[in-house]
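Heads up: the structure comes next, in structure tokens.
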Amino acid sequence: MEESAEFMHLVLNSIEEHIAVIDVSGVICFVNQSWLNFGDENQCLSNQNWTEMNYLNICDQASSAGDDFGHQAGAGIRKVISGQINSYSLEYPCHSDEEHRWFIMHVSPFEFNKANYFVITHQDVTERKLAELAVKELVRLDGLTDIYNRRAFDEFLQQEWVLCLTLQQPISLAVIDLDHFKQLNDSYGHLAGDDCLKQIAQRLKKLSDSPRFWCARYGGEEFALIMGNTDVVAAKQVCDEFTEQIHRLNIPNIDSPVKPYITASIGLAEVRPTDQSNAVNLLNQADTLLYTAKEKGRNRIEISCQTPDLEWNQVSVI
Ligand SMILES: Nc1nc2c(ncn2[C@@H]2O[C@H](COP(=O)(O)OP(=O)(O)OP(=O)(O)O)[C@@H](O)[C@H]2O)c(=O)[nH]1
């Protein structure tokens with residue numbers, strides 16, 4: 001029996017997963033070597049006598065410090081202890097200063113000498129998570145231009161809207177459409193058209209080098225730029241700079257009635273989000289303005305801001 005206990009200890013200590021066993025009140029009765037090593041390596045509660053600590057208290061402390069995963073872990077473990085559920089799993093981030101890491105915590109019960117115990121394992125799933133994130137990122141990218149696609153754009157617009165609503169900041173949206181792009185395709189071929197789209201996308205991407213800016217290819221020859229915490233004055237400057245850069249690219253479009261090189265029309269709208277307004281309305285407005293810019297002769301920018309009573313005010317010159 002002693003031999004088999006030692007054998008089981010060796011087995012548990014050779015396992016990579018961090019393992020702890022708790023009793024019904026959350027007191028830790030056992031931890032394996034990986035658990036101890038992780039604590040030491042991460043200076044988290046190192047040199048602690050783990051087998052006297054209460055795991056539920058640790059979760060509760062993390063929860064009171066604002067850690068939502070601490071809250072979820074504590075609630076999940078309690079459900080297993082009370083028999084409401086048979087087992088519980090939680091994936092959570094645990095980033096160090098050097099790297100991003102993710103773990104899965106799993107809790108399951110067992111009985112020993114008529115007492116209930118619970119095994120808590122923490123498994124490093126960073127590799128799988130990074131692969132998952134890479135695939136997710138691929139799905140969000142436009143295959144031709146390598147900037148975000150429309151699907152990602154929709155997500156970012158929603159996110160940025162909520163953030164601006166919460167922080168009471170303005171949000172601006174520019175919808176950009178190349179002028180007479182069909183002519184360019186017809187004059188120089190589809191590959192030249194592709195190359196033009198790529199060059200323009202890269203300029204837009206460079207210009208959106210801010211954590212609150214999101215650019216995307218919105219459709220064929222249409223791009224969009226979300227500018228969080230940016231009012232219409234600042235947004236107009238960004239759009240002017242972009243227009244200037246497009247002109248400087250000097251991509252020939254000899255048969256365009258506007259200029260002998262590629263140009264763009266832009267619809268730019270700004271809102272200070274409230275519970276009464278919404279992101280779709282902002283998008284529709286930017287689209288309408290783009291249409292007006294096209295009608296008024298192209299190679300221009302049309303701008304408007306939403307007033308507190310949800311009217312749109314046309315802004316002619318800034
Ligand atoms: N090369 C290339 N062309 C594309 C791509 N996606 C859409 N297009 C072309 O973009 C052109 C868009 O034409 P229209 O919608 O008539 O617009 P336009 O010629 O730019 O005219 P306006 O927008 O009215 O100024 C079409 O000829 C499409 O075939 C693409 O990925 N690559």
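Ordering of the structure tokens sets the chain letters (A, B, ...), residue numbers begin anew at 1 in every chain, and ligands are numbered from 1 in the order given.
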
Which residues of chain A sit at most 6 Å from ligand 1, using only C-alpha atoms and all ligand atoms? Give each one's shortest atom pair and distance in Å (one decimal place), in chain and ascending residue order, as a tab-separated table.
residue	atom	partner	partner_atom_place_in_ligand_line	distance
A:Leu178	CA	ligand 1	20 (O)	5.3
A:Asp179	CA	ligand 1	25 (O)	3.4
A:His180	CA	ligand 1	19 (O)	3.5
A:Phe181	CA	ligand 1	20 (O)	3.6
A:Lys182	CA	ligand 1	19 (O)	3.6
A:Gln183	CA	ligand 1	19 (O)	5.9
A:Asn185	CA	ligand 1	1 (N)	5.8
A:His190	CA	ligand 1	1 (N)	4.0
A:Leu191	CA	ligand 1	1 (N)	5.7
A:Gly193	CA	ligand 1	1 (N)	3.6
A:Asp194	CA	ligand 1	1 (N)	4.2
A:Gly220	CA	ligand 1	6 (N)	3.4
A:Glu221	CA	ligand 1	10 (O)	5.4

Using only C-alpha atoms, I'd like a table of the residues in range 198-237 of chain A that come within 7 Å of range 172-177 of chain A; for each, show the closest atom pair and its distance in Å rounded to one decimal, ordered by chain and ascending number, as a Markdown table.
| residue | atom | partner | partner_atom | distance |
| --- | --- | --- | --- | --- |
| A:Glu221 | CA | A:Asp177 | CA | 5.9 |
| A:Glu222 | CA | A:Asp177 | CA | 4.4 |
| A:Phe223 | CA | A:Ile176 | CA | 5.0 |
| A:Ala224 | CA | A:Val175 | CA | 4.5 |
| A:Leu225 | CA | A:Ala174 | CA | 5.1 |
| A:Ile226 | CA | A:Leu173 | CA | 4.7 |
| A:Met227 | CA | A:Ser172 | CA | 5.1 |
| A:Gly228 | CA | A:Ser172 | CA | 6.5 |
| A:Thr230 | CA | A:Ser172 | CA | 6.0 |
| A:Asp231 | CA | A:Ser172 | CA | 6.3 |
| A:Val232 | CA | A:Ser172 | CA | 6.3 |
| A:Ala235 | CA | A:Ser172 | CA | 6.5 |

With N, CA and C atoms retained, could you export that selection as a PDB file, in the first residue's frame?
ATOM      1  N   GLU A 221     -14.502  48.127 -54.387  1.00  0.00           N
ATOM      2  CA  GLU A 221     -13.534  49.241 -54.399  1.00  0.00           C
ATOM      3  C   GLU A 221     -13.931  50.264 -53.338  1.00  0.00           C
ATOM      4  N   GLU A 222     -14.486  49.728 -52.256  1.00  0.00           N
ATOM      5  CA  GLU A 222     -14.966  50.574 -51.175  1.00  0.00           C
ATOM      6  C   GLU A 222     -14.241  50.225 -49.875  1.00  0.00           C
ATOM      7  N   PHE A 223     -13.804  51.254 -49.172  1.00  0.00           N
ATOM      8  CA  PHE A 223     -13.105  51.071 -47.910  1.00  0.00           C
ATOM      9  C   PHE A 223     -13.845  51.845 -46.821  1.00  0.00           C
ATOM     10  N   ALA A 224     -13.533  51.498 -45.566  1.00  0.00           N
ATOM     11  CA  ALA A 224     -14.161  52.236 -44.466  1.00  0.00           C
ATOM     12  C   ALA A 224     -13.128  52.451 -43.375  1.00  0.00           C
ATOM     13  N   LEU A 225     -13.284  53.549 -42.675  1.00  0.00           N
ATOM     14  CA  LEU A 225     -12.378  53.851 -41.570  1.00  0.00           C
ATOM     15  C   LEU A 225     -13.204  54.300 -40.363  1.00  0.00           C
ATOM     16  N   ILE A 226     -13.099  53.516 -39.288  1.00  0.00           N
ATOM     17  CA  ILE A 226     -13.778  53.864 -38.036  1.00  0.00           C
ATOM     18  C   ILE A 226     -12.772  54.628 -37.184  1.00  0.00           C
ATOM     19  N   MET A 227     -13.178  55.772 -36.667  1.00  0.00           N
ATOM     20  CA  MET A 227     -12.269  56.560 -35.835  1.00  0.00           C
ATOM     21  C   MET A 227     -12.924  56.807 -34.482  1.00  0.00           C
ATOM     22  N   GLY A 228     -12.553  55.995 -33.501  1.00  0.00           N
ATOM     23  CA  GLY A 228     -13.096  56.160 -32.154  1.00  0.00           C
ATOM     24  C   GLY A 228     -12.459  57.364 -31.484  1.00  0.00           C
ATOM     25  N   THR A 230     -12.823  60.415 -31.903  1.00  0.00           N
ATOM     26  CA  THR A 230     -12.336  61.388 -32.890  1.00  0.00           C
ATOM     27  C   THR A 230     -13.513  62.222 -33.371  1.00  0.00           C
ATOM     28  N   ASP A 231     -13.394  63.541 -33.229  1.00  0.00           N
ATOM     29  CA  ASP A 231     -14.490  64.381 -33.714  1.00  0.00           C
ATOM     30  C   ASP A 231     -14.304  64.646 -35.213  1.00  0.00           C
ATOM     31  N   VAL A 232     -15.286  65.333 -35.772  1.00  0.00           N
ATOM     32  CA  VAL A 232     -15.314  65.478 -37.220  1.00  0.00           C
ATOM     33  C   VAL A 232     -14.139  66.320 -37.744  1.00  0.00           C
ATOM     34  N   ALA A 235     -11.227  63.999 -37.811  1.00  0.00           N
ATOM     35  CA  ALA A 235     -11.505  62.967 -38.813  1.00  0.00           C
ATOM     36  C   ALA A 235     -11.327  63.524 -40.223  1.00  0.00           C
TER      37      ALA A 235
END

Based on the backbone DSSP call, show me all residues of range 5-106 of chain A assigned helix (DSSP H, G or I), as a ChimeraX atom specification. /A:5-14,33-41,50-52,55-64,68-81

Could you dump the residues just selected with C-alpha atoms as a PDB file, in the first residue's frame?
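Ended up saving to part_34.pdb:
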ATOM      1  CA  ALA A   5       1.017   5.598  -2.525  1.00  0.00           C
ATOM      2  CA  GLU A   6       4.585   6.528  -3.424  1.00  0.00           C
ATOM      3  CA  PHE A   7       3.984   5.286  -6.947  1.00  0.00           C
ATOM      4  CA  MET A   8       0.869   7.467  -7.276  1.00  0.00           C
ATOM      5  CA  HIS A   9       2.780  10.480  -5.921  1.00  0.00           C
ATOM      6  CA  LEU A  10       5.465   9.981  -8.542  1.00  0.00           C
ATOM      7  CA  VAL A  11       2.833   9.719 -11.246  1.00  0.00           C
ATOM      8  CA  LEU A  12       1.083  12.900 -10.118  1.00  0.00           C
ATOM      9  CA  ASN A  13       4.366  14.781  -9.834  1.00  0.00           C
ATOM     10  CA  SER A  14       5.368  13.826 -13.346  1.00  0.00           C
ATOM     11  CA  GLN A  33       4.991  19.312  -8.198  1.00  0.00           C
ATOM     12  CA  SER A  34       3.832  21.222 -11.319  1.00  0.00           C
ATOM     13  CA  TRP A  35       1.530  23.293  -9.138  1.00  0.00           C
ATOM     14  CA  LEU A  36       4.426  24.174  -6.814  1.00  0.00           C
ATOM     15  CA  ASN A  37       6.771  24.926  -9.703  1.00  0.00           C
ATOM     16  CA  PHE A  38       4.266  27.239 -11.388  1.00  0.00           C
ATOM     17  CA  GLY A  39       3.764  29.153  -8.133  1.00  0.00           C
ATOM     18  CA  ASP A  40       7.524  29.574  -7.711  1.00  0.00           C
ATOM     19  CA  GLU A  41       8.214  30.499 -11.334  1.00  0.00           C
ATOM     20  CA  TRP A  50      -0.393  25.460  -0.224  1.00  0.00           C
ATOM     21  CA  THR A  51      -1.944  22.651   1.755  1.00  0.00           C
ATOM     22  CA  GLU A  52      -3.181  25.074   4.403  1.00  0.00           C
ATOM     23  CA  TYR A  55      -8.790  27.769  -2.784  1.00  0.00           C
ATOM     24  CA  LEU A  56     -12.231  29.334  -2.688  1.00  0.00           C
ATOM     25  CA  ASN A  57     -10.848  32.232  -0.633  1.00  0.00           C
ATOM     26  CA  ILE A  58      -8.140  32.760  -3.255  1.00  0.00           C
ATOM     27  CA  CYS A  59     -10.839  32.920  -5.961  1.00  0.00           C
ATOM     28  CA  ASP A  60     -12.937  35.301  -3.840  1.00  0.00           C
ATOM     29  CA  GLN A  61      -9.963  37.596  -3.231  1.00  0.00           C
ATOM     30  CA  ALA A  62      -9.241  37.736  -6.962  1.00  0.00           C
ATOM     31  CA  SER A  63     -12.939  38.396  -7.594  1.00  0.00           C
ATOM     32  CA  SER A  64     -13.031  41.313  -5.122  1.00  0.00           C
ATOM     33  CA  ASP A  68     -14.002  38.271 -13.376  1.00  0.00           C
ATOM     34  CA  PHE A  69     -12.305  34.911 -13.980  1.00  0.00           C
ATOM     35  CA  GLY A  70     -11.684  34.617 -10.224  1.00  0.00           C
ATOM     36  CA  HIS A  71     -15.411  35.175  -9.753  1.00  0.00           C
ATOM     37  CA  GLN A  72     -16.361  32.588 -12.392  1.00  0.00           C
ATOM     38  CA  ALA A  73     -13.882  30.021 -11.036  1.00  0.00           C
ATOM     39  CA  GLY A  74     -15.214  30.391  -7.472  1.00  0.00           C
ATOM     40  CA  ALA A  75     -18.834  30.110  -8.632  1.00  0.00           C
ATOM     41  CA  GLY A  76     -18.066  27.060 -10.804  1.00  0.00           C
ATOM     42  CA  ILE A  77     -16.205  25.212  -8.053  1.00  0.00           C
ATOM     43  CA  ARG A  78     -19.019  25.902  -5.589  1.00  0.00           C
ATOM     44  CA  LYS A  79     -21.542  24.430  -8.037  1.00  0.00           C
ATOM     45  CA  VAL A  80     -19.506  21.213  -8.254  1.00  0.00           C
ATOM     46  CA  ILE A  81     -19.141  21.078  -4.464  1.00  0.00           C
TER      47      ILE A  81
END

Can you pull out every residue within 10 Å of Ile262 in chain A, counting only C-alpha atoms, but drop anything in the same chain fewer than 4 positions away, and send it as a ChimeraX atom specification? /A:178-181,183-184,196,200,246-254,256,258,299

So which residues touch Ala152 in chain A within 8 Å, counting only C-alpha atoms, skipping near sequence neighbours fewer than 3 positions away, as a ChimeraX atom specification? /A:140-141,148-149,155-156,216

Give me, please, the distance in Å between CA of Lys236 in chain A and CA of Ile303 in chain A, quoted to one decimal. 8.2 Å

Could you give me, as a tab-separated table, every range 108-168 of chain A residue with an atom at most 8 Å from range 264-277 of chain A, plus its closest atom pair and distance in Å to one decimal, counting only C-alpha atoms, rows ordered by chain then number?
residue	atom	partner	partner_atom	distance
A:Trp161	CA	A:Pro273	CA	7.0
A:Cys164	CA	A:Pro273	CA	6.6
A:Leu165	CA	A:Pro273	CA	5.0
A:Gln168	CA	A:Arg272	CA	6.9

For Thr126 in chain A, please output as a ChimeraX atom specification all residues within 9 Å (counting only C-alpha atoms; exclusion window: fewer than 3 positions along the same chain). /A:93,100-103,129-131

Output the selection as an mmCIF file, in the first residue's frame - N, CA and C atoms for each residue.
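Once everything was written out, this is result-v1.cif:
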data_model
loop_
_atom_site.group_PDB
_atom_site.id
_atom_site.type_symbol
_atom_site.label_atom_id
_atom_site.label_comp_id
_atom_site.auth_asym_id
_atom_site.auth_seq_id
_atom_site.Cartn_x
_atom_site.Cartn_y
_atom_site.Cartn_z
ATOM 1 N N PRO A 93 -7.336 33.677 -19.366
ATOM 2 C CA PRO A 93 -6.005 34.168 -19.707
ATOM 3 C C PRO A 93 -5.173 34.320 -18.444
ATOM 4 N N HIS A 100 1.909 35.908 -23.709
ATOM 5 C CA HIS A 100 0.489 35.651 -23.516
ATOM 6 C C HIS A 100 0.307 34.172 -23.211
ATOM 7 N N ARG A 101 -0.503 33.875 -22.223
ATOM 8 C CA ARG A 101 -0.751 32.470 -21.864
ATOM 9 C C ARG A 101 -2.232 32.292 -21.550
ATOM 10 N N TRP A 102 -2.711 31.098 -21.859
ATOM 11 C CA TRP A 102 -4.090 30.758 -21.490
ATOM 12 C C TRP A 102 -4.094 29.397 -20.817
ATOM 13 N N PHE A 103 -5.009 29.214 -19.898
ATOM 14 C CA PHE A 103 -5.135 27.930 -19.190
ATOM 15 C C PHE A 103 -6.599 27.488 -19.196
ATOM 16 N N LYS A 129 -4.626 27.956 -28.188
ATOM 17 C CA LYS A 129 -5.313 29.252 -28.204
ATOM 18 C C LYS A 129 -4.695 30.180 -29.258
ATOM 19 N N LEU A 130 -3.349 30.170 -29.338
ATOM 20 C CA LEU A 130 -2.692 31.038 -30.324
ATOM 21 C C LEU A 130 -3.065 30.610 -31.745
ATOM 22 N N ALA A 131 -3.138 29.287 -31.958
ATOM 23 C CA ALA A 131 -3.531 28.782 -33.285
ATOM 24 C C ALA A 131 -4.966 29.212 -33.588
#

Looking only at strand (DSSP E or B) from DSSP on the backbone, list the matching residues of range 202-256 of chain A as a VMD selection string. chain A and resid 213 to 217 222 to 228 252

Between CA of Tyr261 in chain A and CA of Arg203 in chain A, what is the distance in Å, rounded to a tenth?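 We find that CA of Tyr261 in chain A and CA of Arg203 in chain A lie 16.1 Å from each other.
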